[in-house]
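Shown next: start25.txt, containing compact mmCIF, C-alpha atoms and all ligand atoms.
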# COMPACT_ATOMS: atom_id res chain seq x y z
CA MET A 1 -190.18 -75.22 -10.89
CA LYS A 2 -189.85 -72.86 -7.94
CA THR A 3 -186.36 -71.49 -8.31
CA VAL A 4 -183.88 -69.22 -6.57
CA LEU A 5 -181.59 -67.45 -9.07
CA VAL A 6 -178.03 -66.50 -8.22
CA GLY A 7 -176.20 -64.39 -10.81
CA VAL A 8 -172.41 -64.29 -10.47
CA GLY A 9 -170.39 -61.61 -12.31
CA GLN A 10 -171.66 -58.98 -14.71
CA ALA A 11 -173.52 -61.21 -17.17
CA GLY A 12 -174.85 -63.40 -14.33
CA GLY A 13 -176.36 -60.43 -12.45
CA LYS A 14 -177.97 -58.96 -15.56
CA ILE A 15 -179.46 -62.27 -16.69
CA ALA A 16 -180.76 -63.10 -13.18
CA THR A 17 -182.45 -59.67 -13.15
CA ALA A 18 -183.95 -60.15 -16.63
CA LEU A 19 -185.29 -63.58 -15.65
CA SER A 20 -186.84 -62.38 -12.42
CA GLU A 21 -188.43 -59.37 -14.20
CA PHE A 22 -189.90 -61.62 -16.93
CA ASP A 23 -191.31 -64.00 -14.32
CA ALA A 24 -192.95 -61.14 -12.41
CA GLN A 25 -194.30 -59.54 -15.58
CA MET A 26 -195.90 -62.83 -16.68
CA GLY A 27 -197.22 -63.52 -13.17
CA PHE A 28 -195.68 -67.01 -13.19
CA ASN A 29 -194.24 -66.85 -9.66
CA SER A 30 -191.70 -69.54 -10.40
CA VAL A 31 -188.76 -67.31 -9.41
CA ILE A 32 -188.76 -67.16 -5.61
CA ASP A 33 -185.92 -64.66 -5.42
CA ALA A 34 -182.84 -63.44 -7.28
CA VAL A 35 -179.44 -62.39 -5.91
CA ALA A 36 -176.39 -60.96 -7.72
CA ILE A 37 -172.81 -61.52 -6.56
CA ASN A 38 -169.81 -59.72 -7.98
CA THR A 39 -166.31 -58.41 -7.25
CA ALA A 40 -167.01 -55.17 -9.19
CA LYS A 41 -169.01 -52.62 -7.25
CA THR A 42 -170.18 -50.60 -10.27
CA ASP A 43 -171.64 -53.69 -11.99
CA LEU A 44 -173.82 -54.32 -8.94
CA SER A 45 -174.96 -50.74 -8.38
CA SER A 46 -177.47 -50.64 -11.27
CA LEU A 47 -179.20 -53.93 -10.40
CA PRO A 48 -182.64 -53.83 -8.73
CA ILE A 49 -182.15 -57.19 -6.97
CA GLU A 50 -180.26 -57.95 -3.73
CA THR A 51 -176.50 -57.88 -4.22
CA VAL A 52 -173.39 -59.17 -2.45
CA LEU A 53 -169.99 -57.57 -3.10
CA ILE A 54 -167.19 -60.09 -2.59
CA GLY A 55 -163.39 -59.85 -2.52
CA GLN A 56 -163.23 -56.36 -1.05
CA SER A 57 -160.00 -57.15 0.79
CA GLN A 58 -158.36 -58.49 -2.38
CA VAL A 59 -159.65 -56.23 -5.19
CA SER A 60 -161.36 -53.33 -3.36
CA GLY A 61 -164.55 -53.47 -5.43
CA HIS A 62 -162.70 -53.11 -8.77
CA GLY A 63 -163.33 -56.60 -10.21
CA VAL A 64 -160.87 -59.37 -11.08
CA GLY A 65 -160.11 -58.20 -14.63
CA GLY A 66 -160.90 -61.46 -16.39
CA ASP A 67 -158.74 -63.56 -14.04
CA ASN A 68 -161.02 -66.51 -13.29
CA GLU A 69 -158.56 -68.16 -10.91
CA LEU A 70 -158.77 -65.02 -8.80
CA GLY A 71 -162.55 -65.10 -9.26
CA ALA A 72 -162.62 -68.62 -7.79
CA GLU A 73 -160.28 -67.68 -4.94
CA VAL A 74 -162.32 -64.65 -3.94
CA MET A 75 -165.58 -66.63 -3.95
CA GLN A 76 -163.94 -69.26 -1.75
CA SER A 77 -162.66 -66.74 0.78
CA ASP A 78 -166.05 -64.97 1.10
CA ILE A 79 -168.19 -68.09 0.82
CA GLN A 80 -169.58 -67.84 4.39
CA GLU A 81 -171.05 -64.40 3.76
CA VAL A 82 -172.49 -65.48 0.39
CA MET A 83 -174.06 -68.66 1.83
CA GLY A 84 -175.45 -66.62 4.73
CA THR A 85 -177.25 -64.22 2.37
CA LEU A 86 -178.52 -67.08 0.21
CA SER A 87 -179.86 -69.05 3.18
CA SER A 88 -182.34 -66.24 3.87
CA LYS A 89 -183.66 -66.59 0.28
CA ILE A 90 -183.69 -70.36 -0.18
CA HIS A 91 -186.93 -71.40 1.51
CA ALA A 92 -188.41 -74.87 1.89
CA ASN A 93 -190.55 -74.37 -1.26
CA ALA A 94 -187.46 -74.06 -3.51
CA GLU A 95 -187.32 -76.91 -6.04
CA SER A 96 -184.00 -75.88 -7.58
CA ILE A 97 -181.26 -73.28 -7.41
CA VAL A 98 -179.85 -71.85 -10.64
CA VAL A 99 -176.40 -70.24 -10.63
CA ILE A 100 -175.94 -68.01 -13.69
CA ALA A 101 -172.64 -66.75 -15.15
CA GLY A 102 -170.84 -65.64 -18.30
CA LEU A 103 -168.17 -68.37 -18.65
CA GLY A 104 -165.64 -66.21 -20.50
CA GLY A 105 -165.06 -63.55 -17.82
CA GLY A 106 -163.47 -63.65 -14.36
CA SER A 107 -165.87 -63.26 -11.42
CA GLY A 108 -168.66 -65.44 -12.81
CA SER A 109 -166.41 -67.89 -14.65
CA GLY A 110 -164.32 -68.59 -11.53
CA GLY A 111 -166.89 -67.90 -8.84
CA ALA A 112 -169.85 -69.91 -10.16
CA PRO A 113 -168.19 -73.38 -9.95
CA VAL A 114 -167.04 -72.68 -6.36
CA LEU A 115 -170.53 -71.55 -5.37
CA VAL A 116 -172.23 -74.54 -7.04
CA HIS A 117 -169.85 -76.85 -5.16
CA GLU A 118 -170.78 -75.23 -1.81
CA LEU A 119 -174.52 -75.21 -2.55
CA LYS A 120 -174.40 -78.94 -3.40
CA LYS A 121 -172.96 -79.65 0.05
CA VAL A 122 -175.78 -77.84 1.85
CA TYR A 123 -179.01 -78.22 -0.21
CA ASP A 124 -180.91 -81.33 -1.34
CA VAL A 125 -182.61 -79.71 -4.33
CA PRO A 126 -180.89 -79.85 -7.74
CA ILE A 127 -178.28 -77.14 -8.26
CA TYR A 128 -178.19 -76.09 -11.90
CA ALA A 129 -175.81 -73.75 -13.65
CA LEU A 130 -176.80 -71.52 -16.57
CA GLY A 131 -173.56 -70.74 -18.38
CA VAL A 132 -173.01 -68.34 -21.27
CA LEU A 133 -170.34 -69.30 -23.83
CA PRO A 134 -168.37 -66.40 -25.36
CA GLY A 135 -169.25 -65.53 -28.97
CA LYS A 136 -166.88 -66.52 -31.79
CA ASP A 137 -165.53 -62.95 -32.10
CA GLU A 138 -164.32 -62.86 -28.48
CA GLY A 139 -160.61 -63.48 -27.88
CA THR A 140 -158.35 -66.27 -26.64
CA MET A 141 -158.67 -65.39 -22.94
CA TYR A 142 -162.46 -65.74 -23.12
CA ALA A 143 -162.23 -69.15 -24.78
CA VAL A 144 -159.70 -70.44 -22.22
CA ASN A 145 -161.70 -69.10 -19.27
CA ALA A 146 -164.92 -70.57 -20.64
CA GLY A 147 -163.31 -73.96 -21.34
CA ARG A 148 -162.03 -74.32 -17.79
CA SER A 149 -165.23 -73.03 -16.20
CA LEU A 150 -167.42 -75.25 -18.40
CA LYS A 151 -165.39 -78.34 -17.53
CA THR A 152 -165.67 -77.68 -13.78
CA LEU A 153 -169.33 -76.64 -13.86
CA ALA A 154 -170.32 -79.74 -15.84
CA ARG A 155 -168.67 -81.80 -13.09
CA GLU A 156 -170.12 -79.87 -10.14
CA ALA A 157 -173.66 -78.92 -11.20
CA ASP A 158 -176.61 -81.29 -11.53
CA SER A 159 -176.76 -79.95 -15.06
CA LEU A 160 -174.99 -77.13 -16.88
CA MET A 161 -177.57 -75.42 -19.09
CA LEU A 162 -175.48 -73.91 -21.84
CA LEU A 163 -176.11 -70.89 -24.05
CA ASP A 164 -173.85 -69.80 -26.88
CA ASN A 165 -173.76 -65.98 -27.00
CA ASP A 166 -173.95 -66.18 -30.80
CA ALA A 167 -177.18 -68.21 -30.67
CA TRP A 168 -179.94 -65.82 -29.68
CA LYS A 169 -178.62 -62.47 -30.87
CA ALA A 170 -180.48 -60.63 -33.63
CA SER A 171 -178.61 -60.91 -36.92
CA GLY A 172 -176.22 -58.09 -37.72
CA GLU A 173 -175.62 -57.14 -34.11
CA SER A 174 -172.21 -57.59 -32.55
CA VAL A 175 -172.30 -59.50 -29.25
CA SER A 176 -171.70 -56.40 -27.14
CA GLU A 177 -174.43 -54.35 -28.91
CA GLY A 178 -176.87 -57.16 -28.51
CA TYR A 179 -176.52 -58.08 -24.81
CA ASN A 180 -179.84 -56.61 -23.79
CA ALA A 181 -181.64 -58.34 -26.64
CA ILE A 182 -179.91 -61.64 -25.85
CA ASN A 183 -180.73 -61.31 -22.15
CA LYS A 184 -184.39 -60.73 -23.00
CA ASN A 185 -184.38 -63.88 -25.14
CA ILE A 186 -182.71 -65.85 -22.36
CA ALA A 187 -185.27 -64.53 -19.87
CA ARG A 188 -188.25 -65.39 -22.05
CA ARG A 189 -187.08 -68.87 -22.98
CA PHE A 190 -185.57 -70.10 -19.72
CA GLY A 191 -188.36 -68.23 -17.88
CA LEU A 192 -190.94 -70.31 -19.77
CA LEU A 193 -189.04 -73.49 -18.96
CA PHE A 194 -188.93 -72.69 -15.22
CA ALA A 195 -192.64 -71.82 -15.29
CA ALA A 196 -193.64 -74.82 -17.42
CA GLY A 197 -194.52 -77.04 -14.46
CA GLU A 198 -196.27 -74.22 -12.61
CA ALA A 199 -199.35 -74.06 -14.85
CA THR A 200 -202.52 -73.45 -12.91
CA GLU A 201 -204.92 -72.84 -15.79
CA GLY A 202 -206.59 -75.69 -17.70
CA VAL A 203 -204.78 -78.36 -15.71
CA GLY A 204 -205.30 -81.68 -17.41
CA GLU A 205 -203.54 -84.98 -17.92
CA SER A 206 -201.25 -83.71 -20.63
CA VAL A 207 -199.94 -80.71 -18.68
CA VAL A 208 -196.21 -80.85 -18.05
CA ASP A 209 -195.02 -81.19 -14.47
CA THR A 210 -191.87 -79.81 -12.83
CA SER A 211 -190.65 -83.37 -12.25
CA GLU A 212 -190.39 -83.84 -16.04
CA VAL A 213 -187.92 -80.96 -16.23
CA ILE A 214 -185.91 -82.34 -13.31
CA ASN A 215 -185.94 -85.88 -14.74
CA THR A 216 -184.78 -84.68 -18.15
CA LEU A 217 -181.82 -82.93 -16.51
CA ARG A 218 -181.07 -85.92 -14.27
CA SER A 219 -178.56 -87.40 -16.71
CA GLY A 220 -176.22 -84.58 -15.64
CA GLY A 221 -173.50 -83.03 -17.78
CA ILE A 222 -174.47 -80.34 -20.27
CA SER A 223 -177.95 -79.39 -21.46
CA ALA A 224 -179.47 -77.01 -24.03
CA LEU A 225 -182.82 -75.32 -24.60
CA GLY A 226 -184.54 -74.71 -27.93
CA TYR A 227 -187.49 -72.47 -28.61
CA ALA A 228 -189.70 -71.50 -31.57
CA SER A 229 -193.30 -70.46 -32.12
CA SER A 230 -195.80 -70.35 -35.02
CA PRO A 231 -199.21 -68.72 -35.52
CA ALA A 232 -201.99 -71.24 -34.75
CA ALA A 233 -205.46 -71.82 -36.17
CA GLU A 234 -208.53 -72.06 -33.87
CA ASP A 235 -209.17 -75.65 -34.95
CA PRO A 236 -206.61 -78.15 -33.57
CA ALA A 237 -207.07 -80.34 -36.68
CA GLU A 238 -205.39 -77.56 -38.67
CA ASN A 239 -202.46 -77.35 -36.26
CA ILE A 240 -200.70 -80.70 -36.84
CA ASN A 241 -198.03 -79.03 -38.95
CA VAL A 242 -197.96 -75.93 -36.74
CA VAL A 243 -196.88 -78.09 -33.79
CA MET A 244 -194.42 -80.02 -35.97
CA SER A 245 -192.80 -76.92 -37.44
CA ALA A 246 -192.51 -75.21 -34.03
CA ALA A 247 -190.74 -78.33 -32.70
CA ARG A 248 -188.50 -78.62 -35.74
CA ASN A 249 -187.49 -74.94 -35.58
CA ALA A 250 -186.96 -75.09 -31.80
CA LEU A 251 -184.37 -77.84 -32.23
CA LEU A 252 -182.79 -76.97 -35.56
CA THR A 253 -182.70 -73.16 -35.59
CA GLY A 254 -183.76 -71.99 -32.12
CA SER A 255 -181.35 -73.84 -29.85
CA SER A 256 -179.20 -72.23 -27.16
CA VAL A 257 -176.38 -74.44 -28.48
CA PRO A 258 -176.84 -74.40 -32.27
CA GLY A 259 -176.11 -77.70 -33.92
CA ALA A 260 -176.43 -79.76 -30.75
CA THR A 261 -178.96 -82.52 -31.45
CA ASP A 262 -177.45 -85.71 -29.98
CA ALA A 263 -178.77 -86.06 -26.43
CA ASP A 264 -179.32 -88.58 -23.65
CA SER A 265 -182.79 -87.27 -22.85
CA ALA A 266 -185.26 -84.69 -24.12
CA LEU A 267 -188.40 -82.87 -23.05
CA LEU A 268 -190.87 -81.38 -25.54
CA VAL A 269 -193.13 -78.74 -24.03
CA ILE A 270 -195.90 -77.38 -26.25
CA ALA A 271 -197.14 -74.00 -25.03
CA GLY A 272 -200.46 -72.65 -26.23
CA GLU A 273 -204.19 -72.65 -25.69
CA PRO A 274 -205.23 -76.24 -24.86
CA LYS A 275 -208.11 -76.16 -27.36
CA ARG A 276 -205.73 -75.28 -30.22
CA ILE A 277 -203.07 -77.92 -29.50
CA SER A 278 -203.20 -80.84 -31.93
CA ARG A 279 -202.63 -84.17 -30.08
CA LYS A 280 -201.69 -85.79 -33.40
CA GLY A 281 -199.13 -83.06 -33.99
CA VAL A 282 -197.66 -83.52 -30.50
CA GLU A 283 -197.31 -87.29 -31.03
CA LYS A 284 -195.70 -86.77 -34.43
CA ALA A 285 -193.28 -84.16 -33.01
CA ARG A 286 -192.29 -86.48 -30.15
CA ARG A 287 -191.48 -89.34 -32.48
CA TRP A 288 -189.49 -86.98 -34.70
CA LEU A 289 -187.57 -85.74 -31.65
CA GLU A 290 -186.70 -89.33 -30.68
CA ASP A 291 -185.18 -89.88 -34.13
CA GLU A 292 -183.29 -86.57 -34.16
CA THR A 293 -181.77 -86.90 -30.69
CA GLY A 294 -181.19 -90.66 -30.80
CA SER A 295 -182.70 -90.76 -27.31
CA MET A 296 -185.25 -93.24 -26.03
CA GLN A 297 -186.05 -90.91 -23.15
CA VAL A 298 -188.23 -88.25 -24.74
CA ARG A 299 -190.75 -86.76 -22.35
CA GLY A 300 -193.53 -84.38 -23.22
CA GLY A 301 -196.31 -82.19 -21.91
CA ASP A 302 -198.34 -79.04 -22.48
CA PHE A 303 -197.97 -75.61 -20.99
CA PRO A 304 -201.38 -73.91 -21.18
CA VAL A 305 -201.01 -70.19 -21.96
CA LYS A 306 -203.37 -67.66 -23.53
CA SER A 307 -202.00 -67.01 -27.00
CA ASP A 308 -202.92 -67.23 -30.67
CA ARG A 309 -199.57 -68.90 -31.28
CA ILE A 310 -198.21 -72.34 -30.48
CA ALA A 311 -194.68 -72.54 -29.13
CA ALA A 312 -192.32 -75.48 -28.67
CA LEU A 313 -189.68 -75.61 -25.95
CA ILE A 314 -187.18 -78.44 -26.27
CA LEU A 315 -184.91 -79.23 -23.37
CA LEU A 316 -182.03 -81.58 -24.20
CA GLY A 317 -180.12 -83.34 -21.40
CA GLY A 318 -176.64 -84.82 -21.85
CA ILE A 319 -175.46 -83.13 -25.07
CA GLU A 320 -171.73 -83.72 -24.45
CA ARG A 321 -171.44 -85.91 -27.55
CA SER A 322 -172.72 -83.13 -29.80
CA ASN A 323 -170.38 -81.71 -32.43
CA ARG A 324 -170.91 -78.12 -31.31
CA VAL A 325 -169.83 -78.86 -27.74
CA ASN A 326 -166.79 -80.81 -28.94
CA GLN A 327 -165.84 -78.02 -31.33
CA PHE A 328 -165.95 -75.48 -28.53
CA ILE A 329 -163.86 -77.65 -26.18
CA GLU A 330 -161.32 -78.15 -28.97
CA ARG A 331 -161.13 -74.38 -29.55
CA ALA A 332 -160.68 -73.76 -25.81
CA ARG A 333 -157.93 -76.41 -25.64
CA GLN A 334 -156.13 -74.85 -28.59
CA ALA A 335 -156.49 -71.39 -26.99
CA ALA A 336 -155.12 -72.71 -23.68
CA LYS A 337 -152.09 -74.10 -25.54
CA GLU A 338 -151.50 -70.76 -27.27
CA GLN A 339 -151.83 -68.91 -23.99
CA LYS A 340 -149.26 -71.22 -22.32
CA GLU A 341 -146.81 -70.69 -25.19
CA GLU A 342 -147.29 -66.90 -24.91
CA ASP A 343 -146.63 -67.06 -21.15
CA LYS A 344 -143.52 -69.19 -21.73
CA LYS A 345 -142.20 -66.65 -24.26
CA LYS A 346 -142.61 -63.90 -21.67
CA VAL A 347 -140.66 -65.93 -19.08
CA ASP A 348 -137.93 -66.70 -21.66
CA GLN A 349 -137.61 -62.99 -22.49
CA LYS A 350 -137.23 -62.18 -18.81
CA SER A 351 -134.59 -64.83 -18.24
CA LEU A 352 -132.63 -63.53 -21.24
CA PHE A 353 -131.28 -60.77 -19.02
CA GLN A 354 -131.15 -62.56 -15.68
CA ASN A 355 -127.75 -62.71 -13.84
CA ASP A 356 -126.30 -60.84 -16.74
CA GLU A 357 -122.85 -59.29 -17.18
CA LEU A 358 -124.51 -56.75 -19.41
CA GLU A 359 -125.52 -53.88 -17.21
CA ASN A 360 -128.34 -51.52 -18.04
CA LEU A 361 -127.25 -48.05 -19.13
CA PHE A 362 -129.34 -46.38 -16.45
P1 LIG B 401 -167.33 -61.12 -14.93
O1 LIG B 401 -168.10 -59.93 -14.46
O2 LIG B 401 -165.87 -61.04 -14.62
O3 LIG B 401 -167.90 -62.41 -14.49
O4 LIG B 401 -167.39 -61.11 -16.52
P2 LIG B 401 -168.66 -61.01 -17.47
O5 LIG B 401 -169.90 -61.41 -16.78
O6 LIG B 401 -168.65 -59.69 -18.17
O7 LIG B 401 -168.31 -62.20 -18.48
C1 LIG B 401 -167.77 -62.01 -19.71
C2 LIG B 401 -168.45 -62.93 -20.67
O8 LIG B 401 -169.85 -62.79 -20.55
C3 LIG B 401 -168.11 -62.59 -22.09
O9 LIG B 401 -168.03 -63.77 -22.84
C4 LIG B 401 -169.27 -61.72 -22.56
O10 LIG B 401 -169.55 -61.88 -23.91
C5 LIG B 401 -170.42 -62.23 -21.72
N1 LIG B 401 -171.37 -61.18 -21.28
C6 LIG B 401 -171.09 -60.05 -20.58
N2 LIG B 401 -172.22 -59.37 -20.31
C7 LIG B 401 -173.25 -60.09 -20.84
C8 LIG B 401 -174.66 -59.94 -20.87
O11 LIG B 401 -175.25 -58.99 -20.36
N3 LIG B 401 -175.37 -60.92 -21.52
C9 LIG B 401 -174.78 -61.99 -22.11
N4 LIG B 401 -175.56 -62.88 -22.73
N5 LIG B 401 -173.45 -62.17 -22.08
C10 LIG B 401 -172.70 -61.24 -21.47
Rewrite the structure from the file as structure tokens, please.
Amino acid sequence: MKTVLVGVGQAGGKIATALSEFDAQMGFNSVIDAVAINTAKTDLSSLPIETVLIGQSQVSGHGVGGDNELGAEVMQSDIQEVMGTLSSKIHANAESIVVIAGLGGGSGSGGAPVLVHELKKVYDVPIYALGVLPGKDEGTMYAVNAGRSLKTLAREADSLMLLDNDAWKASGESVSEGYNAINKNIARRFGLLFAAGEATEGVGESVVDTSEVINTLRSGGISALGYASSPAAEDPAENINVVMSAARNALLTGSSVPGATDADSALLVIAGEPKRISRKGVEKARRWLEDETGSMQVRGGDFPVKSDRIAALILLGGIERSNRVNQFIERARQAAKEQKEEDKKKVDQKSLFQNDELENLF
């Protein structure tokens, strides 16, 4: 899938960079270009991709400090400049545009939904969002921001590909220590997905096509990506269980949204050397995936790569019914309620001394 990446905010810019570097390193050429947009000048300065600084008249390059309403406002007021820069990157060969953001912050959380909305008006290709959910140890503000951004992105984007920041970190690391490691994992996994339909080697009937990715995401709403790999034998007959266990681990332990298995549609991509891939194993894994997701729309295909391992990528479309997504929305709702009560308390404290006969001492 030939894609233009647009990172909004700090996390968005870093992840867009990591994805475009992975794509170049692997020689996939599925990333056409990558652009980073932010309200904070310093966050943009270290990025090697093209950048656009927005909101200079409102926040003078200092960022929006976690205020996602301001993030949305600033994106709206500078939208002409942003769309102008993007139009020079989005060529006729683009098959999708992916807007990437951390949903818990300000610039990306507020700016990404506004940008997706504008892009949908102008371009015919699918506009996807790649949104990062805050980890469990991040505070109330992050949960509220992410809840509101997620709700709007799921409505605006052709699909919101979701990643829980707790999902792909190495164990023992706090979220902030592990950003680089997480970003590398995001780059490798989503990078493989974007490249999956671009295979030029060993093209055969079973090779996955970009249209399979697009069709899996067509149900809209929220989607997730799972990934796992296992060492493979030379003889495909010995790899039935290798394929099965890669698929099982991709869904059950390697998902970007852990615990999300109910889905409207699914795509199983098996990456590996064509001569090692067991057809029996692929069939078995597909049937298993149908049972696990409760979906009748399970697509599949191979991604030929030179490797002594076999990897499974599982893309799930329409995971809104999943427990994990519902749990997060519930937490965000609760956090929004707490935040409103806090704000009300502050107003009540202020009004305690309004129009008062009691005069301050000085
Ligand atoms: P913004 O610049 O105002 O859009 O804010 P951020 O991009 O820093 O968004 C904050 C959210 O993104 C928080 O939930 C962070 O945990 C997360 N985040 C920040 N930087 C990174 C990063 O490099 N990688 C990942 N995966 N998440 C990040």
Original post:
What does the distance between CA of Arg276 (chain A) and CA of Ser307 (chain A) come to in Å, to one decimal place?
Top reply: 9.6 Å
Counting only C-alpha atoms and all ligand atoms, which residues of chain A fall within 6 Å of ligand LIG 401 (chain B), and what is the closest atom pair for each with its distance in Å at one decimal, ordered by chain and rising number, as a Markdown table?
| residue | atom | partner | partner_atom | distance |
| --- | --- | --- | --- | --- |
| A:Gly9 | CA | B:LIG401 | O3 | 3.4 |
| A:Gln10 | CA | B:LIG401 | O5 | 3.6 |
| A:Ala11 | CA | B:LIG401 | O5 | 3.6 |
| A:Gly12 | CA | B:LIG401 | O5 | 5.9 |
| A:Lys14 | CA | B:LIG401 | O11 | 5.5 |
| A:Gly66 | CA | B:LIG401 | O2 | 5.3 |
| A:Gly102 | CA | B:LIG401 | O8 | 3.8 |
| A:Leu103 | CA | B:LIG401 | C2 | 5.8 |
| A:Gly104 | CA | B:LIG401 | O9 | 4.1 |
| A:Gly105 | CA | B:LIG401 | O7 | 3.6 |
| A:Gly106 | CA | B:LIG401 | O2 | 3.6 |
| A:Ser107 | CA | B:LIG401 | O3 | 3.8 |
| A:Gly108 | CA | B:LIG401 | O3 | 3.5 |
| A:Ser109 | CA | B:LIG401 | O3 | 5.7 |
| A:Pro134 | CA | B:LIG401 | O9 | 3.7 |
| A:Tyr142 | CA | B:LIG401 | O9 | 5.9 |
| A:Asn165 | CA | B:LIG401 | N4 | 5.6 |
| A:Tyr179 | CA | B:LIG401 | N3 | 4.5 |
| A:Ile182 | CA | B:LIG401 | N4 | 5.5 |
| A:Asn183 | CA | B:LIG401 | N3 | 5.4 |
Subject >> Which residue of A:Leu252, A:Ile49, A:Ala196, A:Val325 approaches Phe28 (chain A) most closely, using all atoms listed in the file >> reply: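 Checking each candidate against Phe28 (chain A), we get A:Ala196 as the closest.
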**OP:** With a distance cut-off of 6 Å and all atoms listed in the file, select the neighbouring residues of Ala271 (chain A), excluding the residue or stretch itself and same-chain residues fewer than 4 positions from it, and output the selection as a PyMOL selection string.
**Re:** chain A and resi 302-304+310-311
With 9 Å as the cut-off and all atoms listed in the file counted, what is the closest atom pair between each nearby residue of region 49-153 of chain A and region 30-43 of chain A? Distances in Å to one decimal, ordered by chain and number, as a Markdown table.
| residue | atom | partner | partner_atom | distance |
| --- | --- | --- | --- | --- |
| A:Ile49 | CA | A:Val35 | CA | 6.0 |
| A:Glu50 | CA | A:Val35 | CA | 5.0 |
| A:Thr51 | CA | A:Ala36 | CA | 4.7 |
| A:Val52 | CA | A:Ile37 | CA | 4.8 |
| A:Leu53 | CA | A:Asn38 | CA | 5.3 |
| A:Ile54 | CA | A:Thr39 | CA | 5.0 |
| A:Gly55 | CA | A:Thr39 | CA | 5.7 |
| A:Gln56 | CA | A:Thr39 | CA | 7.2 |
| A:Val59 | CA | A:Thr39 | CA | 7.3 |
| A:Ser60 | CA | A:Thr39 | CA | 8.1 |
| A:Gly61 | CA | A:Ala40 | CA | 4.8 |
| A:His62 | CA | A:Ala40 | CA | 4.8 |
| A:Gly63 | CA | A:Ala40 | CA | 4.1 |
| A:Val64 | CA | A:Thr39 | CA | 6.7 |
| A:Gly71 | CA | A:Thr39 | CA | 7.9 |
| A:Val74 | CA | A:Thr39 | CA | 8.1 |
| A:Met75 | CA | A:Thr39 | CA | 8.9 |
| A:Val82 | CA | A:Ile37 | CA | 8.0 |
| A:Thr85 | CA | A:Val35 | CA | 8.8 |
| A:Leu86 | CA | A:Val35 | CA | 7.8 |
| A:Lys89 | CA | A:Asp33 | CA | 6.4 |
| A:Ile90 | CA | A:Asp33 | CA | 8.1 |
| A:His91 | CA | A:Ile32 | CA | 8.5 |
| A:Asn93 | CA | A:Ile32 | CA | 8.6 |
| A:Ala94 | CA | A:Ile32 | CA | 7.3 |
| A:Ser107 | CA | A:Asn38 | CA | 6.3 |
| A:Gly108 | CA | A:Asn38 | CA | 7.6 |
| A:Gly111 | CA | A:Asn38 | CA | 8.7 |
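Using all atoms listed in the file, the shortest contact distance between Ala312 (chain A) and any of A:Asn241, A:Ser229, A:Ser295, A:Gln354 is found at A:Ser229.
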